[in-house]
>>> print(open('input23.csv').read())   # CSV, C-alpha atoms
chain,number,residue,atom,x,y,z
A,1,MET,CA,159.1,67.4,-132.3
A,2,MET,CA,159.8,70.4,-130.1
A,3,ARG,CA,156.4,71.9,-131.0
A,4,GLY,CA,155.9,75.3,-129.3
A,5,VAL,CA,159.4,75.4,-127.9
A,6,THR,CA,160.4,79.1,-127.9
A,7,GLY,CA,162.7,79.1,-124.8
A,8,ARG,CA,166.5,78.8,-124.9
A,9,LEU,CA,167.6,75.4,-126.2
A,10,MET,CA,171.0,74.1,-125.2
A,11,LEU,CA,172.5,71.3,-127.3
A,12,LEU,CA,175.5,69.4,-125.9
A,13,ASP,CA,178.1,67.8,-128.1
A,14,THR,CA,178.3,65.1,-125.4
A,15,ALA,CA,181.3,63.1,-126.5
A,16,SER,CA,183.3,66.4,-127.0
A,17,LEU,CA,182.4,67.3,-123.4
A,18,TYR,CA,183.1,63.9,-121.7
A,19,PHE,CA,186.5,63.7,-123.5
A,20,ARG,CA,187.3,67.1,-122.0
A,21,ALA,CA,186.1,66.0,-118.6
A,22,TYR,CA,188.1,62.8,-118.9
A,23,PHE,CA,191.4,64.7,-119.5
A,24,GLY,CA,190.5,67.5,-117.2
A,25,VAL,CA,189.5,65.5,-114.0
A,26,PRO,CA,192.2,63.3,-112.4
A,27,ASP,CA,191.7,59.5,-113.0
A,28,SER,CA,192.1,59.1,-109.2
A,29,VAL,CA,188.4,60.0,-109.1
A,30,LYS,CA,187.0,56.5,-108.8
A,31,ALA,CA,183.9,54.5,-107.8
A,32,PRO,CA,183.9,52.4,-104.6
A,33,ASP,CA,184.9,49.4,-106.7
A,34,GLY,CA,187.9,51.2,-108.2
A,35,THR,CA,186.4,52.0,-111.6
A,36,PRO,CA,187.5,55.4,-112.8
A,37,VAL,CA,184.5,57.8,-113.0
A,38,ASN,CA,186.4,61.0,-113.8
A,39,ALA,CA,184.5,61.6,-117.1
A,40,VAL,CA,181.1,60.8,-115.5
A,41,ARG,CA,181.6,63.2,-112.6
A,42,GLY,CA,183.3,65.8,-114.8
A,43,LEU,CA,180.4,65.8,-117.3
A,44,LEU,CA,177.9,66.2,-114.4
A,45,ASP,CA,179.9,69.2,-113.1
A,46,PHE,CA,179.9,70.6,-116.7
A,47,ILE,CA,176.1,70.3,-117.0
A,48,ASP,CA,175.6,71.8,-113.6
A,49,ARG,CA,177.8,74.9,-114.5
A,50,LEU,CA,176.2,75.3,-117.9
A,51,VAL,CA,172.6,75.3,-116.4
A,52,LYS,CA,173.6,77.7,-113.7
A,53,ASP,CA,175.4,80.1,-116.0
A,54,HIS,CA,173.3,80.0,-119.2
A,55,ARG,CA,169.8,79.0,-117.9
A,56,PRO,CA,168.5,76.9,-120.7
A,57,ASP,CA,164.8,76.0,-120.8
A,58,GLU,CA,165.4,72.9,-122.9
A,59,LEU,CA,168.5,70.7,-123.0
A,60,VAL,CA,169.5,67.7,-125.2
A,61,ALA,CA,172.6,65.6,-124.8
A,62,CYS,CA,173.4,64.8,-128.4
A,63,MET,CA,175.3,61.5,-129.0
A,64,ASP,CA,177.4,59.9,-131.7
A,65,ALA,CA,175.3,56.8,-132.7
A,66,ASP,CA,177.8,56.6,-135.6
A,67,TRP,CA,181.0,58.6,-135.2
A,68,ARG,CA,182.2,57.9,-138.8
A,69,PRO,CA,179.1,57.4,-141.0
A,70,GLN,CA,179.6,55.2,-144.0
A,71,TRP,CA,177.9,57.7,-146.3
A,72,ARG,CA,180.7,60.2,-145.4
A,73,VAL,CA,183.4,57.6,-145.8
A,74,ASP,CA,182.0,56.6,-149.3
A,75,LEU,CA,182.5,60.2,-150.4
A,76,ILE,CA,185.9,60.8,-148.8
A,77,PRO,CA,187.6,57.5,-147.7
A,78,SER,CA,190.1,59.4,-145.5
A,79,TYR,CA,187.4,60.8,-143.3
A,80,LYS,CA,188.4,60.1,-139.7
A,81,ALA,CA,190.4,57.1,-140.9
A,82,HIS,CA,193.3,57.8,-138.6
A,83,ARG,CA,191.0,57.5,-135.6
A,84,VAL,CA,189.8,53.9,-136.4
A,85,ALA,CA,190.8,51.4,-133.7
A,86,GLU,CA,189.1,48.5,-135.3
A,87,GLU,CA,187.3,48.0,-138.6
A,88,ARG,CA,184.0,46.1,-138.5
A,89,ALA,CA,182.2,44.4,-141.3
A,90,ALA,CA,178.8,45.0,-139.7
A,91,GLY,CA,178.1,48.3,-137.9
A,92,PRO,CA,180.3,51.3,-137.3
A,93,ASP,CA,184.0,51.0,-137.0
A,94,GLU,CA,185.3,51.2,-133.4
A,95,GLU,CA,186.8,54.6,-132.5
A,96,GLU,CA,190.1,54.9,-130.7
A,97,VAL,CA,189.1,55.8,-127.1
A,98,PRO,CA,191.3,55.7,-123.9
A,99,ASP,CA,190.9,52.4,-122.1
A,100,THR,CA,189.6,53.9,-118.9
A,101,LEU,CA,187.1,56.2,-120.8
A,102,ALA,CA,185.2,53.6,-122.8
A,103,PRO,CA,183.6,51.9,-119.8
A,104,GLN,CA,182.4,55.2,-118.5
A,105,VAL,CA,180.3,56.0,-121.5
A,106,PRO,CA,177.5,53.5,-120.7
A,107,ILE,CA,177.4,54.9,-117.1
A,108,ILE,CA,177.1,58.5,-118.5
A,109,GLU,CA,174.2,57.4,-120.7
A,110,THR,CA,172.4,55.6,-117.9
A,111,VAL,CA,172.8,58.5,-115.5
A,112,LEU,CA,171.5,61.0,-118.0
A,113,ASP,CA,168.5,58.8,-118.8
A,114,VAL,CA,167.6,58.3,-115.1
A,115,LEU,CA,168.0,62.1,-114.5
A,116,GLY,CA,165.5,62.7,-117.2
A,117,ILE,CA,167.8,64.7,-119.4
A,118,ALA,CA,167.0,64.1,-123.1
A,119,ARG,CA,169.7,62.0,-124.8
A,120,VAL,CA,169.5,61.6,-128.6
A,121,GLY,CA,171.7,59.6,-131.0
A,122,VAL,CA,170.4,58.5,-134.4
A,123,VAL,CA,171.8,55.5,-136.3
A,124,GLY,CA,173.9,56.5,-139.3
A,125,TYR,CA,174.6,60.0,-138.0
A,126,GLU,CA,177.1,61.9,-135.8
A,127,ALA,CA,176.1,64.1,-132.9
A,128,ASP,CA,176.9,67.1,-135.1
A,129,ASP,CA,174.1,66.1,-137.4
A,130,VAL,CA,171.7,65.7,-134.5
A,131,ILE,CA,172.7,69.1,-133.3
A,132,GLY,CA,172.2,70.6,-136.8
A,133,THR,CA,168.7,69.2,-137.1
A,134,PHE,CA,167.6,70.3,-133.7
A,135,THR,CA,169.0,73.8,-134.4
A,136,GLY,CA,167.1,74.0,-137.7
A,137,ARG,CA,163.9,73.1,-136.0
A,138,ALA,CA,164.2,75.3,-133.0
A,139,LYS,CA,161.9,78.3,-132.8
A,140,GLY,CA,163.9,80.2,-130.1
A,141,PRO,CA,167.6,80.9,-129.3
A,142,VAL,CA,170.1,78.0,-129.3
A,143,ASP,CA,173.3,77.5,-127.4
A,144,ILE,CA,175.5,74.7,-128.9
A,145,VAL,CA,178.2,73.6,-126.4
A,146,THR,CA,181.1,71.9,-128.2
A,147,GLY,CA,184.8,71.7,-128.4
A,148,ASP,CA,184.5,71.1,-132.1
A,149,ARG,CA,184.9,74.1,-134.4
A,150,ASP,CA,183.0,72.3,-137.2
A,151,LEU,CA,179.8,73.5,-135.6
A,152,TYR,CA,180.7,77.1,-136.1
A,153,GLN,CA,178.9,76.7,-139.4
A,154,LEU,CA,175.6,76.8,-137.5
A,155,VAL,CA,176.2,80.2,-135.9
A,156,ASP,CA,173.4,82.5,-137.0
A,157,ASP,CA,172.9,85.9,-135.2
A,158,ALA,CA,169.5,86.5,-136.8
A,159,ARG,CA,168.1,83.2,-135.2
A,160,GLY,CA,170.1,83.6,-131.9
A,161,VAL,CA,172.2,80.5,-132.6
A,162,ARG,CA,175.7,80.7,-131.0
A,163,VAL,CA,178.4,78.2,-130.1
A,164,LEU,CA,179.8,78.1,-126.5
A,165,TYR,CA,183.3,76.7,-127.0
A,166,PRO,CA,185.1,75.6,-123.8
A,167,LEU,CA,188.5,77.2,-123.2
A,168,LYS,CA,189.0,75.9,-119.7
A,169,GLY,CA,186.4,73.5,-118.4
A,170,VAL,CA,183.1,75.1,-119.0
A,171,GLY,CA,183.7,77.9,-116.6
A,172,THR,CA,185.5,79.9,-119.4
A,173,LEU,CA,183.6,79.7,-122.6
A,174,GLN,CA,184.2,81.5,-125.9
A,175,LEU,CA,180.8,82.9,-127.0
A,176,THR,CA,181.0,82.4,-130.7
A,177,ASP,CA,178.7,84.7,-132.7
A,178,GLU,CA,179.0,86.0,-136.3
A,179,ALA,CA,181.0,89.1,-135.2
A,180,TRP,CA,183.6,86.8,-133.5
A,181,LEU,CA,183.7,84.6,-136.6
A,182,ARG,CA,184.2,87.5,-139.0
A,183,GLU,CA,187.0,88.9,-136.8
A,184,LYS,CA,188.7,85.5,-136.4
A,185,TYR,CA,188.1,83.9,-139.9
A,186,GLY,CA,186.7,86.6,-142.1
A,187,VAL,CA,183.4,84.6,-142.7
A,188,ASP,CA,180.0,84.3,-141.1
A,189,GLY,CA,178.4,81.0,-139.9
A,190,ARG,CA,177.3,80.0,-143.4
A,191,GLY,CA,180.8,80.7,-144.8
A,192,TYR,CA,182.6,78.6,-142.2
A,193,ALA,CA,181.8,75.3,-143.8
A,194,ASP,CA,183.2,76.5,-147.2
A,195,LEU,CA,186.3,77.8,-145.4
A,196,ALA,CA,186.8,74.5,-143.6
A,197,LEU,CA,186.3,72.5,-146.8
A,198,LEU,CA,188.9,74.6,-148.7
A,199,ARG,CA,191.4,74.7,-145.8
A,200,GLY,CA,191.0,71.0,-144.8
A,201,ASP,CA,191.1,69.5,-141.4
A,202,PRO,CA,193.7,66.9,-140.5
A,203,SER,CA,191.9,66.0,-137.3
A,204,ASP,CA,188.9,64.8,-139.4
A,205,GLY,CA,191.0,63.4,-142.3
A,206,LEU,CA,189.8,66.1,-144.7
A,207,PRO,CA,192.5,66.9,-147.2
A,208,GLY,CA,191.3,70.4,-148.3
A,209,VAL,CA,192.6,72.0,-151.5
A,210,PRO,CA,196.5,71.8,-151.5
A,211,GLY,CA,198.0,75.3,-151.3
A,212,ILE,CA,194.8,76.9,-150.1
A,213,GLY,CA,195.2,77.7,-146.4
A,214,GLU,CA,192.9,79.5,-144.1
A,215,LYS,CA,193.8,83.1,-145.0
A,216,THR,CA,193.6,82.4,-148.8
A,217,ALA,CA,190.3,80.6,-148.4
A,218,ALA,CA,188.9,83.6,-146.5
A,219,LYS,CA,190.1,86.0,-149.2
A,220,LEU,CA,188.6,83.8,-152.0
A,221,LEU,CA,185.2,83.6,-150.1
A,222,ALA,CA,185.3,87.4,-149.6
A,223,GLU,CA,186.0,87.9,-153.3
A,224,PHE,CA,183.6,85.3,-154.8
A,225,GLY,CA,180.9,84.8,-152.1
A,226,ASP,CA,180.8,81.1,-151.6
A,227,LEU,CA,182.2,77.8,-152.9
A,228,PRO,CA,180.2,77.7,-156.1
A,229,GLY,CA,181.2,81.3,-156.8
A,230,ILE,CA,184.9,80.3,-156.4
A,231,MET,CA,184.6,77.3,-158.7
A,232,ALA,CA,182.8,79.5,-161.3
A,233,ALA,CA,185.7,81.9,-161.1
A,234,VAL,CA,188.1,79.0,-162.1
A,235,ASP,CA,186.3,78.8,-165.4
A,236,ASP,CA,186.3,82.6,-165.9
A,237,PRO,CA,189.6,83.8,-167.4
A,238,LYS,CA,188.8,87.4,-166.2
A,239,ALA,CA,188.3,86.4,-162.5
A,240,LYS,CA,191.0,87.5,-160.1
A,241,LEU,CA,192.7,84.2,-159.3
A,242,THR,CA,196.5,83.6,-159.4
A,243,PRO,CA,197.6,81.0,-161.9
A,244,SER,CA,198.5,78.6,-159.1
A,245,GLN,CA,195.2,79.1,-157.3
A,246,ARG,CA,193.3,78.5,-160.6
A,247,LYS,CA,195.4,75.3,-161.2
A,248,ARG,CA,195.0,73.9,-157.7
A,249,LEU,CA,191.2,74.6,-157.6
A,250,ASP,CA,190.8,73.0,-161.0
A,251,GLU,CA,192.7,69.9,-160.0
A,252,ALA,CA,190.7,69.7,-156.7
A,253,ARG,CA,187.3,69.4,-158.6
A,254,PRO,CA,186.7,65.8,-157.6
A,255,TYR,CA,187.2,66.7,-153.9
A,256,VAL,CA,185.2,69.9,-154.1
A,257,ALA,CA,182.3,68.0,-155.8
A,258,VAL,CA,181.8,65.6,-152.8
A,259,ALA,CA,183.2,67.5,-149.8
A,260,PRO,CA,180.2,69.8,-149.1
A,261,LYS,CA,178.0,66.8,-148.1
A,262,VAL,CA,180.8,65.5,-145.8
A,263,VAL,CA,181.7,68.9,-144.2
A,264,LYS,CA,178.2,70.3,-143.8
A,265,VAL,CA,176.2,69.0,-140.8
A,266,ALA,CA,173.0,67.2,-141.8
A,267,ASP,CA,169.7,69.1,-141.1
A,268,ASP,CA,167.4,66.3,-142.0
A,269,VAL,CA,168.1,63.6,-139.3
A,270,PRO,CA,165.0,61.6,-138.4
A,271,LEU,CA,164.8,62.7,-134.8
A,272,PRO,CA,162.8,60.6,-132.3
A,273,GLU,CA,159.9,62.1,-130.4
A,274,VAL,CA,161.5,63.3,-127.1
A,275,SER,CA,160.8,65.8,-124.4
A,276,THR,CA,163.6,68.3,-124.4
A,277,ALA,CA,162.4,70.1,-121.3
A,278,LEU,CA,165.0,70.4,-118.6
A,279,PRO,CA,163.8,68.4,-115.6
A,280,ARG,CA,163.4,69.8,-112.1
A,281,SER,CA,163.6,66.4,-110.5
A,282,PRO,CA,165.0,63.0,-111.7
A,283,ARG,CA,162.9,60.6,-113.7
A,284,ASP,CA,163.6,57.8,-111.3
A,285,GLY,CA,164.9,58.9,-108.0
A,286,GLU,CA,165.3,55.4,-106.5
A,287,THR,CA,167.4,54.2,-109.4
A,288,LEU,CA,169.5,57.3,-109.4
A,289,GLU,CA,170.2,56.9,-105.7
A,290,ALA,CA,171.4,53.4,-106.4
A,291,LEU,CA,173.6,54.6,-109.3
A,292,ALA,CA,175.1,57.4,-107.2
A,293,GLU,CA,176.1,54.9,-104.5
A,294,ARG,CA,177.4,52.3,-106.9
A,295,TRP,CA,179.5,54.7,-108.9
A,296,GLY,CA,180.4,57.2,-106.2
A,297,LEU,CA,178.9,60.2,-107.9
A,298,GLY,CA,178.8,62.2,-104.7
A,299,GLY,CA,178.9,66.0,-104.8
A,300,SER,CA,178.8,66.2,-108.6
A,301,LEU,CA,175.4,64.6,-108.8
A,302,GLN,CA,174.0,66.4,-105.7
A,303,ARG,CA,175.1,69.8,-107.0
A,304,LEU,CA,173.3,69.2,-110.4
A,305,LEU,CA,170.2,67.9,-108.7
A,306,THR,CA,170.1,71.1,-106.5
A,307,THR,CA,170.6,73.3,-109.5
A,308,LEU,CA,167.8,71.6,-111.5
A,309,ALA,CA,165.4,71.8,-108.5
A,310,THR,CA,166.1,75.5,-107.7
A,311,ARG,CA,166.5,77.1,-111.1
A,312,PRO,CA,164.3,80.1,-111.8
A,313,ALA,CA,160.9,79.3,-113.3
>>> encode(input="input23.csv", output="structure tokens")
Amino acid sequence: MMRGVTGRLMLLDTASLYFRAYFGVPDSVKAPDGTPVNAVRGLLDFIDRLVKDHRPDELVACMDADWRPQWRVDLIPSYKAHRVAEERAAGPDEEEVPDTLAPQVPIIETVLDVLGIARVGVVGYEADDVIGTFTGRAKGPVDIVTGDRDLYQLVDDARGVRVLYPLKGVGTLQLTDEAWLREKYGVDGRGYADLALLRGDPSDGLPGVPGIGEKTAAKLLAEFGDLPGIMAAVDDPKAKLTPSQRKRLDEARPYVAVAPKVVKVADDVPLPEVSTALPRSPRDGETLEALAERWGLGGSLQRLLTTLATRPA
């Protein structure tokens, strides 16, 4: 997998990007049959801009084969529970997705496949986990494109791993490295997962430790190094903890015992053998032409094809 890859690898948190495209491009953008394709065209425009601006050698569209893995729910039942549209006895629960976005996802997947852009989702794992595993295996620099701050935990200056966080479309990106993390949160990439765990994240249904907000979490990590160091301090009467901090952390032991596995992205996903090289021409030009006509992909697809064909060697 990725043997010999030393060029710049770009990993897309694809759902994060097509959600942004869906809400950023008017739903009046439709196929000839009236089907909205604003997320499809918006994502193609995003990829075009990312390839132009950041010149990756390799690119993978990472997918959520399971947006709420059971093994995470078993550890913390509230994990993403508020986003469940329908519980299913077999297979993943259905995520709440806007009515006019859901039908566009299969179109996105087909277009990426026909373009020849690597698309990877692994049963039982989220896109974050796929991204974490690809990042761990990469031999060269990695750009992770996501609107999800959870992936800040992968930032690593020594390995050239950074997060490109969209502020407005993908034309304005926050280039997140360790200096930015330290200035904003007081932690480096490795410390971000512990910070998020202590602080909690309502958008993911993670309760955190009551009374330990972001600033307190950062101070505790600065003082004691990491989560195990903080919990060791709870048992040390000489450690510099306030009585309320000590009490709250002590009471949160059941949560703290299981949360690291939930919060930290997996780095051991069984990735399929796949070519991550960014194509210069589509895998199947004839099928792509038919898809472009059927779904009215117009200038968005043409611009991306031109960018792929003419990018520097």
>>> residues_around(input="input23.csv", residues="Val123 in chain A", least_positions_apart="4", cutoff="9 Å", atoms="all atoms listed in the file", output="PyMOL selection string")
chain A and resi 64-66+69
>>> write_last_selection(input="input23.csv", atoms="C-alpha atoms", output="PDB file, keeping the file's coordinate frame")
ATOM      1  CA  ASP A  64     177.400  59.900-131.700  1.00  0.00           C
ATOM      2  CA  ALA A  65     175.300  56.800-132.700  1.00  0.00           C
ATOM      3  CA  ASP A  66     177.800  56.600-135.600  1.00  0.00           C
ATOM      4  CA  PRO A  69     179.100  57.400-141.000  1.00  0.00           C
TER       5      PRO A  69
END
>>> residues_around(input="input23.csv", residues="range 236-252 of chain A", least_positions_apart="4", cutoff="10 Å", atoms="only C-alpha atoms", output="count of residues only")
15
>>> closest_residue(input="input23.csv", among="A:Leu301, A:Leu197, A:Val145, A:Ile131", to="Cys62 in chain A", atoms="only C-alpha atoms")
A:Ile131
>>> residues_near_point(input="input23.csv", point="(187.6, 59.4, -106.7)", cutoff="10 Å", atoms="all atoms listed in the file", output="number ranges by chain")
A: 25-32, 34-38, 41, 295-298
>>> closest_residue(input="input23.csv", among="A:Ala309, A:Met63, A:Leu221, A:Val263", to="Gly124 in chain A", atoms="all atoms listed in the file")
A:Met63
>>> closest_residue(input="input23.csv", among="A:Asp33, A:Asp157, A:Glu109, A:Asp268", to="Glu293 in chain A", atoms="all atoms listed in the file")
A:Asp33
>>> atom_distance(input="input23.csv", atom1="CA of Arg294 in chain A", atom2="CA of Leu112 in chain A")
15.3 Å
>>> closest_residue(input="input23.csv", among="A:Ser78, A:Gln153, A:Asp267, A:Val130", to="Asp201 in chain A", atoms="all atoms listed in the file")
A:Ser78
>>> closest_residue(input="input23.csv", among="A:Gly191, A:Gly24, A:Pro56, A:Pro141", to="Leu308 in chain A", atoms="all atoms listed in the file")
A:Pro56
>>> closest_residue(input="input23.csv", among="A:Pro106, A:Arg72, A:Ala81, A:Ile144", to="Leu11 in chain A", atoms="all atoms listed in the file")
A:Ile144
>>> atom_distance(input="input23.csv", atom1="CA of Leu115 in chain A", atom2="CA of Gln174 in chain A")
27.7 Å
>>> atom_distance(input="input23.csv", atom1="CA of Gly205 in chain A", atom2="CA of Glu126 in chain A")
15.4 Å
>>> residues_around(input="input23.csv", residues="range 163-165 of chain A", least_positions_apart="6", cutoff="9 Å", atoms="all atoms listed in the file", output="list of chain:residue names")
A:Val142, A:Asp143, A:Ile144, A:Val145, A:Thr146, A:Gly147, A:Asp148, A:Arg149, A:Leu151, A:Tyr152, A:Leu154, A:Val155, A:Thr172, A:Leu173, A:Gln174, A:Leu175, A:Thr176, A:Asp177
